[in-house]
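Working notes for the structure below.
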Amino acid sequence: MLTQTEENYLKALLNLTCNGNEQGVTGTNQLAKYLNVRPATANDMLKKLKDKLFNIIKIFTK
């Protein structure tokens with residue numbers, strides 16, 4: 001289960017990646033600015049989400 005903050009990060013990533021740029025890539029600094037957080041905070045959450053989502057995918061692909 002995702003927290004509200006984790007959901008907000010994923011929504012921001014989707015919005016920035018799909019609507020915000022032509023390359024389909026969103027950088028940590030861009031995400032941090034969008035969410036009004038420090039780049040280090042955004043980076044920490046991205047690491048947390050990567051680990052959490054990897055484990056969710058692993059469970060559903062067994």
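Within each chain, counting starts at residue 1; across the structure tokens, chains are named A, B, ... in the order shown, with ligands numbered 1 upward in that order.
For Gly27 of chain A, the list of residues within 12 Å, based on only C-alpha atoms and with local chain neighbours fewer than 6 positions off taken out, reads Ala12, Leu13, Leu16, Thr17, Gly20, Asn21, Lys33, Tyr34, Pro39, Ala42, Asn43 and Leu46 of chain A.
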Same residues, C-alpha atoms, saved as a PDB file, in the first residue's frame:
```pdb
ATOM      1  CA  ALA A  12       3.771  14.381 -10.046  1.00  0.00           C
ATOM      2  CA  LEU A  13       6.132  12.103 -11.974  1.00  0.00           C
ATOM      3  CA  LEU A  16       5.756  15.990 -15.463  1.00  0.00           C
ATOM      4  CA  THR A  17       6.805  13.102 -17.669  1.00  0.00           C
ATOM      5  CA  GLY A  20       5.722  18.530 -19.031  1.00  0.00           C
ATOM      6  CA  ASN A  21       8.378  17.635 -21.537  1.00  0.00           C
ATOM      7  CA  LYS A  33      10.691  22.085  -7.756  1.00  0.00           C
ATOM      8  CA  TYR A  34       7.222  20.846  -8.797  1.00  0.00           C
ATOM      9  CA  PRO A  39      16.215  17.794  -4.289  1.00  0.00           C
ATOM     10  CA  ALA A  42      12.853  14.033  -3.704  1.00  0.00           C
ATOM     11  CA  ASN A  43      15.834  11.739  -4.248  1.00  0.00           C
ATOM     12  CA  LEU A  46      12.456   8.116  -5.367  1.00  0.00           C
TER      13      LEU A  46
END
```
(request) Kindly indicate which residue among A:Glu6, A:Lys11, A:Glu22, A:Phe60 lies nearest to Lys47 of chain A, using only C-alpha atoms for the distances. (result) A:Glu6
(request) Would you mind reading off the distance between atom CA of Lys52 of chain A and atom CA of Asn36 of chain A, one decimal, in Å? (result) 22.8 Å
(request) May I have the residues within 12 Å of Asn15 of chain A as a ChimeraX atom specification, using only C-alpha atoms and disregarding those fewer than 6 positions away in the same chain? (result) /A:8-9,21,24-26,30-31,34-35
Give me a file of those residues, with N, CA, C and O atoms, as a short mmCIF file (atom, residue, chain, number, x, y, z; two decimals), in the first residue's frame.
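Saved the output as selection-v2.cif:
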```cif
data_model
loop_
_atom_site.label_atom_id
_atom_site.label_comp_id
_atom_site.auth_asym_id
_atom_site.auth_seq_id
_atom_site.Cartn_x
_atom_site.Cartn_y
_atom_site.Cartn_z
N ASN A 8 1.40 11.08 -4.19
CA ASN A 8 1.62 12.43 -4.73
C ASN A 8 2.88 12.48 -5.59
O ASN A 8 2.89 13.13 -6.64
N TYR A 9 3.92 11.80 -5.16
CA TYR A 9 5.16 11.76 -5.95
C TYR A 9 4.91 11.05 -7.28
O TYR A 9 5.37 11.51 -8.33
N ASN A 21 7.22 17.53 -20.67
CA ASN A 21 8.38 17.64 -21.54
C ASN A 21 8.29 16.65 -22.69
O ASN A 21 7.61 15.64 -22.63
N GLY A 24 10.01 12.79 -22.34
CA GLY A 24 9.44 11.76 -21.48
C GLY A 24 10.33 11.41 -20.31
O GLY A 24 10.28 10.30 -19.79
N VAL A 25 11.16 12.36 -19.89
CA VAL A 25 12.09 12.15 -18.79
C VAL A 25 11.91 13.29 -17.79
O VAL A 25 11.77 14.44 -18.18
N THR A 26 11.92 12.94 -16.51
CA THR A 26 11.81 13.95 -15.47
C THR A 26 12.99 13.80 -14.52
O THR A 26 13.24 12.72 -14.01
N GLN A 30 13.72 18.79 -11.19
CA GLN A 30 12.43 19.21 -11.74
C GLN A 30 11.30 18.72 -10.84
O GLN A 30 10.35 19.45 -10.56
N LEU A 31 11.39 17.48 -10.39
CA LEU A 31 10.37 16.92 -9.49
C LEU A 31 10.35 17.68 -8.17
O LEU A 31 9.27 18.01 -7.67
N TYR A 34 8.67 21.03 -8.61
CA TYR A 34 7.22 20.85 -8.80
C TYR A 34 6.51 20.60 -7.47
O TYR A 34 5.43 21.10 -7.22
N LEU A 35 7.16 19.80 -6.59
CA LEU A 35 6.55 19.43 -5.31
C LEU A 35 6.94 20.39 -4.17
O LEU A 35 6.49 20.21 -3.04
#
```
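Going from atom CA of Leu2 of chain A to atom CA of Gln23 of chain A covers 27.3 Å.
Between atom CA of Phe54 of chain A and atom CA of Thr41 of chain A lies a distance of 20.0 Å.
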List every residue of chain A that DSSP, applied to the backbone, labels as helix (DSSP H, G or I), and write the result as a PDB file with C-alpha atoms, in the first residue's frame.
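File produced: selection27.pdb:
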```
ATOM      1  CA  GLN A   4      -0.524   9.698   0.375  1.00  0.00           C
ATOM      2  CA  THR A   5       2.912  11.271  -0.064  1.00  0.00           C
ATOM      3  CA  GLU A   6       4.095   8.373  -2.224  1.00  0.00           C
ATOM      4  CA  GLU A   7       0.979   8.695  -4.365  1.00  0.00           C
ATOM      5  CA  ASN A   8       1.621  12.433  -4.726  1.00  0.00           C
ATOM      6  CA  TYR A   9       5.155  11.757  -5.953  1.00  0.00           C
ATOM      7  CA  LEU A  10       3.927   9.215  -8.490  1.00  0.00           C
ATOM      8  CA  LYS A  11       1.228  11.582  -9.729  1.00  0.00           C
ATOM      9  CA  ALA A  12       3.771  14.381 -10.046  1.00  0.00           C
ATOM     10  CA  LEU A  13       6.132  12.103 -11.974  1.00  0.00           C
ATOM     11  CA  LEU A  14       3.354  11.085 -14.322  1.00  0.00           C
ATOM     12  CA  ASN A  15       2.247  14.661 -14.859  1.00  0.00           C
ATOM     13  CA  LEU A  16       5.756  15.990 -15.463  1.00  0.00           C
ATOM     14  CA  THR A  17       6.805  13.102 -17.669  1.00  0.00           C
ATOM     15  CA  CYS A  18       3.689  12.927 -19.831  1.00  0.00           C
ATOM     16  CA  ASN A  19       2.651  16.568 -19.946  1.00  0.00           C
ATOM     17  CA  THR A  28      15.059  14.933  -9.626  1.00  0.00           C
ATOM     18  CA  ASN A  29      15.491  18.717  -9.542  1.00  0.00           C
ATOM     19  CA  GLN A  30      12.432  19.206 -11.740  1.00  0.00           C
ATOM     20  CA  LEU A  31      10.375  16.919  -9.493  1.00  0.00           C
ATOM     21  CA  ALA A  32      11.601  18.681  -6.354  1.00  0.00           C
ATOM     22  CA  LYS A  33      10.691  22.085  -7.756  1.00  0.00           C
ATOM     23  CA  TYR A  34       7.222  20.846  -8.797  1.00  0.00           C
ATOM     24  CA  LEU A  35       6.553  19.434  -5.309  1.00  0.00           C
ATOM     25  CA  PRO A  39      16.215  17.794  -4.289  1.00  0.00           C
ATOM     26  CA  ALA A  40      17.636  15.525  -1.563  1.00  0.00           C
ATOM     27  CA  THR A  41      14.126  14.901  -0.234  1.00  0.00           C
ATOM     28  CA  ALA A  42      12.853  14.033  -3.704  1.00  0.00           C
ATOM     29  CA  ASN A  43      15.834  11.739  -4.248  1.00  0.00           C
ATOM     30  CA  ASP A  44      15.181   9.908  -0.966  1.00  0.00           C
ATOM     31  CA  MET A  45      11.535   9.366  -1.893  1.00  0.00           C
ATOM     32  CA  LEU A  46      12.456   8.116  -5.367  1.00  0.00           C
ATOM     33  CA  LYS A  47      14.778   5.532  -3.817  1.00  0.00           C
ATOM     34  CA  LYS A  48      12.035   4.484  -1.399  1.00  0.00           C
ATOM     35  CA  LEU A  49       9.489   4.195  -4.221  1.00  0.00           C
ATOM     36  CA  LYS A  50      11.891   2.212  -6.381  1.00  0.00           C
ATOM     37  CA  ASP A  51      12.367  -0.376  -3.636  1.00  0.00           C
ATOM     38  CA  LYS A  52       8.697  -0.480  -2.702  1.00  0.00           C
ATOM     39  CA  LEU A  53       7.422  -0.784  -6.277  1.00  0.00           C
ATOM     40  CA  PHE A  54      10.036  -3.440  -7.093  1.00  0.00           C
ATOM     41  CA  ASN A  55       8.748  -5.552  -4.200  1.00  0.00           C
ATOM     42  CA  ILE A  56       5.131  -5.074  -5.292  1.00  0.00           C
ATOM     43  CA  ILE A  57       5.970  -6.152  -8.832  1.00  0.00           C
ATOM     44  CA  LYS A  58       7.899  -9.156  -7.497  1.00  0.00           C
ATOM     45  CA  ILE A  59       4.861 -10.305  -5.499  1.00  0.00           C
ATOM     46  CA  PHE A  60       2.510 -10.093  -8.492  1.00  0.00           C
TER      47      PHE A  60
END
```
